[in-house]
Amino acid sequence: MRAVRCASKEFGLGYVDLREAGKKNIMKWDSKDVAEARRLLERYQLRVACIASPIFKVDWPGAPRSKYSPQRDEFSADFTYDQQGEMLERAFELARVFNTDRIRIFDFWRLDDQAPHRQAIDAKIREAAVKAKNRGLTLVIENEPSCNTATGAESARLLAAVQEPALELNWDPGNAVTRGEVPYPDGYAKLPKQRIGHLHCKDAVRKADGSGWEWMAMGRGVIDWAGQFRALKQDGYRRAVTLETHWRGAGTPEESTRQSWAGMKTLLQKAGI
């Protein structure tokens, strides 16, 4: 309850993504969980921008086990490949219940060599998009560093291979930068702008020892978010802009989110939005 109250009353937001509540992934919510979420959303006058499902965030069958395949579940999502069809149907139902047309998906844990499997993976994504189209819904595939589509360049390739209009991109510059891409302007320049259907916002910096990346509050990392926001506005983007609250540097999730939201508001203002 506190999260939705802060989002609505303190931050002044009108939309949220739904991923988990009470350490329970949305794909495991029962009728009581759904009813309680709807009650809270109505109470705080919040709408749902996207069902943030973990669909296709599993190993691709028949391929060598990915080094990115987690040893534990992520965000309470411990589903198998054989459950993905059932999960897709469940996501369609949740989208209807929460009155949104967006469902977030992925394209399987990242393989060292995608080439032997890439065509089949694309076909699986295409099949899911056709099912979504038949229900008047849109799948937004997130570029995710631990999955096979991680950067703007890889996202452009996927969208070119899967032309179904019900497949769009959940563009995440923070994820792209951790794969070594300059997300804006480089990665963004490669994207078909009319197929960006959702946006995740978080920042990142190199670790002090140079071993990798760590999340940072919006505006304190290396991403040119003001430039990205400005370009999205100029290119006609009119969908949700979602703060993804991975940074925990302020001590608590709530205070970290508060500081990151303050940074995001400054960046939006700097971009003239």
# chains A, B, ... in the order shown; residues from 1 in each chain; ligands from 1

call {"tool": "select_by_dssp", "arguments": {"residues": "segment 54-123 of chain A", "states": "alpha helix (DSSP H)", "output": "list in words"}}
result
Gln84, Gly85, Glu86, Met87, Leu88, Glu89, Arg90, Ala91, Phe92, Glu93, Leu94, Ala95, Arg96, Val97, Arg118, Gln119, Ala120, Ile121, Asp122 and Ala123 of chain A

call {"tool": "closest_atom_pairs", "arguments": {"of": "segment 27-52 of chain A", "to": "segment 187-201 of chain A", "cutoff": "12 Å", "atoms": "only C-alpha atoms", "output": "CSV"}}
result
residue,atom,partner,partner_atom,distance
A:Ala49,CA,A:His198,CA,8.6
A:Cys50,CA,A:His198,CA,8.2
A:Ile51,CA,A:His198,CA,11.1
A:Ala52,CA,A:His198,CA,10.8

call {"tool": "write_last_selection", "arguments": {"atoms": "C-alpha atoms", "output": "PDB file, in the first residue's frame"}}
result
ATOM      1  CA  ALA A  49       0.675   1.205 -18.002  1.00  0.00           C
ATOM      2  CA  CYS A  50       2.036  -2.308 -18.503  1.00  0.00           C
ATOM      3  CA  ILE A  51       1.842  -5.854 -17.154  1.00  0.00           C
ATOM      4  CA  ALA A  52       5.548  -6.371 -16.346  1.00  0.00           C
TER       5      ALA A  52
END

call {"tool": "select_by_dssp", "arguments": {"residues": "segment 1-235 of chain A", "states": "strand (DSSP E)", "output": "ChimeraX atom specification"}}
result
/A:15-18,20-21,24-25,47-55,102-105,138-142,167-171,196-201,203-206,213-216

call {"tool": "closest_residue", "arguments": {"among": "A:Arg47, A:Arg258, A:Arg230, A:Arg104", "to": "Val140 of chain A", "atoms": "only C-alpha atoms"}}
result
A:Arg104

call {"tool": "closest_residue", "arguments": {"among": "A:Thr138, A:Gln269, A:Ser31, A:Gln45", "to": "Ser8 of chain A", "atoms": "only C-alpha atoms"}}
result
A:Gln45

call {"tool": "closest_residue", "arguments": {"among": "A:Glu255, A:Asp203, A:Asp101, A:Asp33", "to": "Gly219 of chain A", "atoms": "only C-alpha atoms"}}
result
A:Asp203

call {"tool": "residues_around", "arguments": {"residues": "segment 115-128 of chain A", "least_positions_apart": "6", "cutoff": "12 Å", "atoms": "only C-alpha atoms", "output": "ChimeraX atom specification"}}
result
/A:55-56,58-64,81,84-89,91-92,103-109,134-135,137-141,147-149,154-155,157-168

call {"tool": "decode", "arguments": {"residues": "segment 76-120 of chain A", "atoms": "N, CA and C atoms", "output": "PDB file, in the first residue's frame"}}
result
ATOM      1  N   SER A  76      10.587 -13.258  -7.788  1.00  0.00           N
ATOM      2  CA  SER A  76       9.633 -14.323  -7.478  1.00  0.00           C
ATOM      3  C   SER A  76       9.114 -15.021  -8.722  1.00  0.00           C
ATOM      4  N   ALA A  77       9.918 -15.044  -9.792  1.00  0.00           N
ATOM      5  CA  ALA A  77       9.523 -15.697 -11.043  1.00  0.00           C
ATOM      6  C   ALA A  77      10.392 -16.930 -11.267  1.00  0.00           C
ATOM      7  N   ASP A  78       9.844 -18.096 -10.983  1.00  0.00           N
ATOM      8  CA  ASP A  78      10.600 -19.342 -11.113  1.00  0.00           C
ATOM      9  C   ASP A  78       9.887 -20.291 -12.073  1.00  0.00           C
ATOM     10  N   PHE A  79       9.491 -19.768 -13.217  1.00  0.00           N
ATOM     11  CA  PHE A  79       8.694 -20.529 -14.168  1.00  0.00           C
ATOM     12  C   PHE A  79       9.600 -21.298 -15.140  1.00  0.00           C
ATOM     13  N   THR A  80       9.026 -22.309 -15.783  1.00  0.00           N
ATOM     14  CA  THR A  80       9.764 -23.126 -16.735  1.00  0.00           C
ATOM     15  C   THR A  80       9.346 -22.783 -18.162  1.00  0.00           C
ATOM     16  N   TYR A  81      10.113 -23.308 -19.125  1.00  0.00           N
ATOM     17  CA  TYR A  81       9.767 -23.094 -20.531  1.00  0.00           C
ATOM     18  C   TYR A  81       8.379 -23.646 -20.846  1.00  0.00           C
ATOM     19  N   ASP A  82       8.055 -24.804 -20.302  1.00  0.00           N
ATOM     20  CA  ASP A  82       6.771 -25.433 -20.603  1.00  0.00           C
ATOM     21  C   ASP A  82       5.581 -24.643 -20.067  1.00  0.00           C
ATOM     22  N   GLN A  83       5.831 -23.729 -19.151  1.00  0.00           N
ATOM     23  CA  GLN A  83       4.752 -22.913 -18.593  1.00  0.00           C
ATOM     24  C   GLN A  83       4.513 -21.612 -19.358  1.00  0.00           C
ATOM     25  N   GLN A  84       5.334 -21.326 -20.356  1.00  0.00           N
ATOM     26  CA  GLN A  84       5.271 -20.011 -21.001  1.00  0.00           C
ATOM     27  C   GLN A  84       3.949 -19.773 -21.748  1.00  0.00           C
ATOM     28  N   GLY A  85       3.421 -20.803 -22.401  1.00  0.00           N
ATOM     29  CA  GLY A  85       2.148 -20.637 -23.085  1.00  0.00           C
ATOM     30  C   GLY A  85       1.030 -20.308 -22.117  1.00  0.00           C
ATOM     31  N   GLU A  86       1.008 -21.002 -20.998  1.00  0.00           N
ATOM     32  CA  GLU A  86       0.016 -20.740 -19.955  1.00  0.00           C
ATOM     33  C   GLU A  86       0.188 -19.332 -19.388  1.00  0.00           C
ATOM     34  N   MET A  87       1.442 -18.926 -19.209  1.00  0.00           N
ATOM     35  CA  MET A  87       1.701 -17.580 -18.686  1.00  0.00           C
ATOM     36  C   MET A  87       1.236 -16.509 -19.654  1.00  0.00           C
ATOM     37  N   LEU A  88       1.429 -16.731 -20.950  1.00  0.00           N
ATOM     38  CA  LEU A  88       0.984 -15.752 -21.933  1.00  0.00           C
ATOM     39  C   LEU A  88      -0.531 -15.571 -21.857  1.00  0.00           C
ATOM     40  N   GLU A  89      -1.253 -16.673 -21.767  1.00  0.00           N
ATOM     41  CA  GLU A  89      -2.709 -16.582 -21.659  1.00  0.00           C
ATOM     42  C   GLU A  89      -3.103 -15.872 -20.367  1.00  0.00           C
ATOM     43  N   ARG A  90      -2.393 -16.149 -19.288  1.00  0.00           N
ATOM     44  CA  ARG A  90      -2.668 -15.473 -18.022  1.00  0.00           C
ATOM     45  C   ARG A  90      -2.409 -13.974 -18.139  1.00  0.00           C
ATOM     46  N   ALA A  91      -1.347 -13.613 -18.835  1.00  0.00           N
ATOM     47  CA  ALA A  91      -1.041 -12.192 -19.017  1.00  0.00           C
ATOM     48  C   ALA A  91      -2.130 -11.498 -19.830  1.00  0.00           C
ATOM     49  N   PHE A  92      -2.667 -12.175 -20.828  1.00  0.00           N
ATOM     50  CA  PHE A  92      -3.768 -11.599 -21.597  1.00  0.00           C
ATOM     51  C   PHE A  92      -4.954 -11.294 -20.677  1.00  0.00           C
ATOM     52  N   GLU A  93      -5.246 -12.215 -19.773  1.00  0.00           N
ATOM     53  CA  GLU A  93      -6.358 -12.023 -18.846  1.00  0.00           C
ATOM     54  C   GLU A  93      -6.066 -10.875 -17.873  1.00  0.00           C
ATOM     55  N   LEU A  94      -4.828 -10.815 -17.369  1.00  0.00           N
ATOM     56  CA  LEU A  94      -4.469  -9.732 -16.450  1.00  0.00           C
ATOM     57  C   LEU A  94      -4.542  -8.368 -17.143  1.00  0.00           C
ATOM     58  N   ALA A  95      -4.140  -8.307 -18.399  1.00  0.00           N
ATOM     59  CA  ALA A  95      -4.234  -7.052 -19.145  1.00  0.00           C
ATOM     60  C   ALA A  95      -5.687  -6.598 -19.232  1.00  0.00           C
ATOM     61  N   ARG A  96      -6.583  -7.542 -19.460  1.00  0.00           N
ATOM     62  CA  ARG A  96      -8.007  -7.193 -19.518  1.00  0.00           C
ATOM     63  C   ARG A  96      -8.493  -6.697 -18.157  1.00  0.00           C
ATOM     64  N   VAL A  97      -8.146  -7.411 -17.108  1.00  0.00           N
ATOM     65  CA  VAL A  97      -8.614  -7.071 -15.763  1.00  0.00           C
ATOM     66  C   VAL A  97      -8.103  -5.700 -15.333  1.00  0.00           C
ATOM     67  N   PHE A  98      -6.855  -5.386 -15.697  1.00  0.00           N
ATOM     68  CA  PHE A  98      -6.257  -4.117 -15.269  1.00  0.00           C
ATOM     69  C   PHE A  98      -6.333  -3.032 -16.342  1.00  0.00           C
ATOM     70  N   ASN A  99      -7.063  -3.301 -17.395  1.00  0.00           N
ATOM     71  CA  ASN A  99      -7.372  -2.296 -18.418  1.00  0.00           C
ATOM     72  C   ASN A  99      -6.119  -1.660 -19.025  1.00  0.00           C
ATOM     73  N   THR A 100      -5.200  -2.520 -19.462  1.00  0.00           N
ATOM     74  CA  THR A 100      -4.029  -2.053 -20.191  1.00  0.00           C
ATOM     75  C   THR A 100      -3.862  -2.897 -21.443  1.00  0.00           C
ATOM     76  N   ASP A 101      -3.187  -2.341 -22.439  1.00  0.00           N
ATOM     77  CA  ASP A 101      -2.964  -3.100 -23.675  1.00  0.00           C
ATOM     78  C   ASP A 101      -1.502  -3.509 -23.841  1.00  0.00           C
ATOM     79  N   ARG A 102      -0.665  -3.300 -22.796  1.00  0.00           N
ATOM     80  CA  ARG A 102       0.772  -3.583 -22.881  1.00  0.00           C
ATOM     81  C   ARG A 102       1.158  -4.748 -21.976  1.00  0.00           C
ATOM     82  N   ILE A 103       1.941  -5.700 -22.534  1.00  0.00           N
ATOM     83  CA  ILE A 103       2.496  -6.803 -21.758  1.00  0.00           C
ATOM     84  C   ILE A 103       3.982  -6.909 -22.076  1.00  0.00           C
ATOM     85  N   ARG A 104       4.820  -6.834 -21.054  1.00  0.00           N
ATOM     86  CA  ARG A 104       6.270  -6.903 -21.228  1.00  0.00           C
ATOM     87  C   ARG A 104       6.718  -8.363 -21.356  1.00  0.00           C
ATOM     88  N   ILE A 105       7.605  -8.629 -22.326  1.00  0.00           N
ATOM     89  CA  ILE A 105       8.177  -9.965 -22.511  1.00  0.00           C
ATOM     90  C   ILE A 105       9.688  -9.838 -22.725  1.00  0.00           C
ATOM     91  N   PHE A 106      10.363 -11.001 -22.860  1.00  0.00           N
ATOM     92  CA  PHE A 106      11.794 -11.059 -23.136  1.00  0.00           C
ATOM     93  C   PHE A 106      12.043 -12.047 -24.276  1.00  0.00           C
ATOM     94  N   ASP A 107      13.327 -12.354 -24.559  1.00  0.00           N
ATOM     95  CA  ASP A 107      13.596 -13.375 -25.578  1.00  0.00           C
ATOM     96  C   ASP A 107      14.669 -14.372 -25.123  1.00  0.00           C
ATOM     97  N   PHE A 108      14.460 -14.902 -23.902  1.00  0.00           N
ATOM     98  CA  PHE A 108      15.203 -16.041 -23.376  1.00  0.00           C
ATOM     99  C   PHE A 108      16.615 -15.657 -22.899  1.00  0.00           C
ATOM    100  N   TRP A 109      17.104 -16.433 -21.922  1.00  0.00           N
ATOM    101  CA  TRP A 109      18.428 -16.165 -21.357  1.00  0.00           C
ATOM    102  C   TRP A 109      19.488 -16.187 -22.460  1.00  0.00           C
ATOM    103  N   ARG A 110      20.425 -15.297 -22.350  1.00  0.00           N
ATOM    104  CA  ARG A 110      21.381 -15.038 -23.418  1.00  0.00           C
ATOM    105  C   ARG A 110      22.309 -16.233 -23.673  1.00  0.00           C
ATOM    106  N   LEU A 111      22.447 -16.564 -24.946  1.00  0.00           N
ATOM    107  CA  LEU A 111      23.309 -17.653 -25.384  1.00  0.00           C
ATOM    108  C   LEU A 111      24.646 -17.114 -25.872  1.00  0.00           C
ATOM    109  N   ASP A 112      25.711 -17.868 -25.654  1.00  0.00           N
ATOM    110  CA  ASP A 112      27.016 -17.473 -26.182  1.00  0.00           C
ATOM    111  C   ASP A 112      26.994 -17.429 -27.703  1.00  0.00           C
ATOM    112  N   ASP A 113      26.263 -18.339 -28.304  1.00  0.00           N
ATOM    113  CA  ASP A 113      26.114 -18.381 -29.759  1.00  0.00           C
ATOM    114  C   ASP A 113      24.629 -18.475 -30.092  1.00  0.00           C
ATOM    115  N   GLN A 114      24.050 -17.349 -30.479  1.00  0.00           N
ATOM    116  CA  GLN A 114      22.623 -17.314 -30.789  1.00  0.00           C
ATOM    117  C   GLN A 114      22.314 -17.889 -32.176  1.00  0.00           C
ATOM    118  N   ALA A 115      23.290 -17.884 -33.057  1.00  0.00           N
ATOM    119  CA  ALA A 115      23.045 -18.159 -34.477  1.00  0.00           C
ATOM    120  C   ALA A 115      22.245 -19.435 -34.749  1.00  0.00           C
ATOM    121  N   PRO A 116      22.584 -20.574 -34.108  1.00  0.00           N
ATOM    122  CA  PRO A 116      21.837 -21.794 -34.433  1.00  0.00           C
ATOM    123  C   PRO A 116      20.374 -21.766 -33.988  1.00  0.00           C
ATOM    124  N   HIS A 117      20.044 -20.849 -33.087  1.00  0.00           N
ATOM    125  CA  HIS A 117      18.712 -20.834 -32.480  1.00  0.00           C
ATOM    126  C   HIS A 117      17.912 -19.560 -32.787  1.00  0.00           C
ATOM    127  N   ARG A 118      18.562 -18.575 -33.396  1.00  0.00           N
ATOM    128  CA  ARG A 118      17.945 -17.263 -33.523  1.00  0.00           C
ATOM    129  C   ARG A 118      16.658 -17.286 -34.342  1.00  0.00           C
ATOM    130  N   GLN A 119      16.647 -18.023 -35.429  1.00  0.00           N
ATOM    131  CA  GLN A 119      15.458 -18.066 -36.273  1.00  0.00           C
ATOM    132  C   GLN A 119      14.273 -18.671 -35.518  1.00  0.00           C
ATOM    133  N   ALA A 120      14.528 -19.716 -34.751  1.00  0.00           N
ATOM    134  CA  ALA A 120      13.460 -20.354 -33.981  1.00  0.00           C
ATOM    135  C   ALA A 120      12.977 -19.446 -32.851  1.00  0.00           C
TER     136      ALA A 120
END
